[in-house]
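In what follows, a single structure is set out as structure tokens and then discussed.
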Amino acid sequence: MLLSVQNVCKNFGSVSAVKSVTFDVEQGAMIGIIGRSGAGKSTFLRMINRLVDASSGRILFKGRNILAYQGAEMRRWQANCAMIFQQFNLVPRMDVVSNVLHGTLNRRSTLATAFNLFPRADIEKAIELLERLGIEEQATKRVEALSGGQQQRVAIARALMQDPEMVLADEPIASLDPMNAQLVMDALRQIHDQDGRTVICNLHTLDTARRYCDRVIGMSQGQVVFDGPPAALTTAVAREIYGADESFSEEATSTEIREQVGDVPAPSAQPKAPAEPVKTVD
């Protein structure tokens, strides 16, 4: 068993955001967690990554309770359990390669970080990851000049620079158009299929969960109300997860591509001066 979540709860004062969540995850799984906004999905993922402390319960990774980790041990865990965020969490005015290389900060010295110095091998690996994700031609551009879909793929590359055993993605396509959403989900599925990494992804959309995930967990009001294969995710089950009546339509959550949308820079992006090049240390 890779991951075992046991009666995990999170309270914010008198409000219970996550209530006694329990499930197990095998090595190399691709899991989608679905539910309406406020269901507790993001809080739950952040507890796994230790960005938020749990109020009670245990999360065992290969038999060790990661909720007990502190200091350097917790930082090592966060490197082994990479997090991808809805809003990318990149440095907008920094070039793409440097943003990807920030995935190595946990193992670099303070001096090297201050002077933006990276080993040549790390730079070559960053370029390889960008090539794998189809955005190698963007390597020297500032992140702020890229489209949302391109930025999210930069964030995925940064996560892979950590060489994690597990990847957590918190609503990675919520702010993207259908074409870019498909590109990002294809990349996450590729990480699962080709690398054998475990991927747990928070999603709003039923069609995305069915298409990309091998297992779907539905959360409602902080509790798990569904855990099963995508084929079992019927409209009736979806209504329970989303707390909807018979008027609920899956089209309201769909990300199906109805027309081709180009992967172009966001309208607000303006030409910028070249970013400062990455420095190498041999």
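By convention here, the chains of the structure tokens are called A, B, ... in the order presented, each chain's residues are numbered starting at 1, and ligands are numbered starting at 1 in the order presented.
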Can you list, as a PyMOL selection string, every protein, DNA or RNA residue that comes within 9 Å of Ile200 of chain A when you count only C-alpha atoms, leaving out same-chain residues fewer than 4 positions away?
-> chain A and resi 29-33+45+166-170
Export of prior selection with C-alpha atoms as a CSV table (one decimal), in the first residue's frame:
chain,number,residue,atom,x,y,z
A,29,ALA,CA,-2.9,5.1,-9.3
A,30,MET,CA,-4.5,8.0,-11.2
A,31,ILE,CA,-7.3,9.3,-9.0
A,32,GLY,CA,-9.7,12.1,-9.5
A,33,ILE,CA,-11.4,13.8,-6.5
A,45,LEU,CA,-4.8,17.8,-0.8
A,166,MET,CA,3.4,11.2,-6.1
A,167,VAL,CA,1.9,14.3,-7.8
A,168,LEU,CA,-1.0,16.2,-6.4
A,169,ALA,CA,-2.9,18.6,-8.7
A,170,ASP,CA,-5.4,21.0,-7.2
Based on DSSP run over this structure's backbone, return all residues of segment 19-247 of chain A in strand (DSSP E or B), as a ChimeraX atom specification.
-> /A:19-25,30-34,56-61,64-65,81-84,95,117-119,142,166-170,198-203,215-220,223-228
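The shell of residues at most 9 Å from Arg50 of chain A, with only C-alpha atoms counted and near chain neighbours (fewer than 4 positions) removed, consists of Leu45, Arg46, Ala54, Ile66, Leu67, Tyr69, Met74, Trp77 and Gln78 of chain A.
Between Gln190 of chain A and the residues A:Ala209, A:Ala174, A:Leu203, A:Ile156, the shortest atom-to-atom distance, using only C-alpha atoms, involves A:Ile156.
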Any idea what's packed within 9 Å of Val154 of chain A, counting only C-alpha atoms, ignoring anything in its chain fewer than 6 positions away? Could you give it as a ChimeraX atom specification?
-> /A:88,90,96-97,99-100,129-130,133,135,143
What would the file look like if the residues just selected were written as a short mmCIF file (atom, residue, chain, number, x, y, z; two decimals), in the first residue's frame with C-alpha atoms?
data_model
loop_
_atom_site.label_atom_id
_atom_site.label_comp_id
_atom_site.auth_asym_id
_atom_site.auth_seq_id
_atom_site.Cartn_x
_atom_site.Cartn_y
_atom_site.Cartn_z
CA PHE A 88 0.32 27.98 -11.30
CA LEU A 90 5.16 30.60 -10.92
CA VAL A 96 10.51 29.51 -18.08
CA VAL A 97 13.67 27.45 -17.49
CA ASN A 99 10.87 28.53 -13.01
CA VAL A 100 11.27 24.84 -13.83
CA LEU A 129 10.99 18.14 -19.47
CA LEU A 130 9.83 21.19 -21.42
CA LEU A 133 5.53 18.69 -22.47
CA ILE A 135 6.80 23.80 -24.83
CA VAL A 143 6.40 33.14 -17.86
#
